[in-house]
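**Q** Structure provided below as structure tokens; questions to follow.
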Amino acid sequence: MLKNNEPAFDAPIPGMSLTHELGDRPWQTPAQHTNVDDAIDYYMERMSSEEFILQVVEVLESGVPVTVLANTIQMASVMDGIHSLDVGMLVLPMLMEMMMLLADSAKIEYETGLENPDKNKTRKSLIAKAVKQYEKRINETDKKLMDLPKEEKEEDVEESKGLMSRRTK
């Protein structure tokens with residue numbers, strides 16, 4: 001209970017446990033490697049270890065594309081403050097080539113992730129466009145047919161009304 005009925009202002013702010021001071025996270029500080037050459041040297045040293053090679057081969061054997069694995073590794077390095085995002089994007093092709101070289105030397109089949117699986121498929125937007133054009137042509141044809149003069153007018157025939165009545169042509 002509060003003394004003297006005064007509110008406590010020293011209580012934590014809601015969500016305070018979810019925040020950190022600015023510069024407290026690795027990606028908020030300057031990167032360890034600021035240019036592409038330094039980042040490549042970092043990766044070459046890291047990728048030459050036996051443990052890393054075995055892990056890369058195992059992951060590629062399981063069917064993960066090289067592009068996904070390389071992007072994951074460079075994004076983890078960005079989050080660890082090893083290099084910046086732009087340096088990581090510039091290093092990405094080298095990472096992919098190195099991983100493909102490791103997979104080739106281990107004689108395993110792998111997916112590069114560079115192939116376009118939808119290359120021979122028709123896009124849904126093209127199908128929708130074709131359907132719209134078809135409907136437009138059908139409507140134009142119907143309008144032309146409606147504008148043609150009728151040669152014979154149908155005689156007014158009194159239709160029978162009832163549930164079981166016969167239809168007339």
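Scheme for the structure tokens: letters A, B, ... for chains in order shown; per-chain residue numbers from 1; ligand numbers from 1 in order shown.
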For Asp80 (chain A), find every residue with an atom within 10 Å (counting only C-alpha atoms), except residues of its own chain fewer than 5 positions away, and show them as a PyMOL selection string.

**A** chain A and resi 25-29+31-32+74-75

**Q** Leaving out region 104-107 of chain A and any residue of its chain fewer than 6 positions from it, which residues lie within 12 Å of it when counting only C-alpha atoms, given as a list in words?

**A**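 Residues meeting the cut-off are Ile53, Leu54, Gln55, Val56, Val57, Glu58, Leu60, Glu61, Glu97 and Met98 of chain A.
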
**Q** Mind pulling up the distance from CA of Ala70 (chain A) to CA of Val91 (chain A)?

**A**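 The value is 9.5 Å.
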
**Q** Have a look at CA of Lys143 (chain A) and CA of Leu126 (chain A) and let me know their distance in Å, one decimal.

**A**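 Between CA of Lys143 (chain A) and CA of Leu126 (chain A) the gap works out to 25.9 Å.
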
**Q** Could you go through region 44-155 of chain A and tell me which residues DSSP, when run on the backbone, assigns to alpha helix (DSSP H), listing them as a count of residues only?

**A** 75

**Q** Could you tell me which of A:Ile73, A:Ala11, A:Ile108, A:Met44 comes closest to Leu92 (chain A) if we count only C-alpha atoms?

**A**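 For Leu92 (chain A), the nearest of the candidates is A:Ile73.
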
**Q** Between CA of Thr34 (chain A) and CA of His20 (chain A), what is the spacing in Å?

**A**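 A separation of 24.7 Å between them.
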
**Q** Val66 (chain A): which residues within 10 Å, counting only C-alpha atoms, same-chain residues fewer than 3 positions away excluded, as a PyMOL selection string?

**A** chain A and resi 56+59-60+63+69-72+95-100+103+110-114

**Q** I'd like to know which of A:His83, A:Phe9, A:Glu21, A:Lys144 is closest to Asp38 (chain A), using only C-alpha atoms.

**A**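 The answer is A:His83, which sits nearest to Asp38 (chain A).
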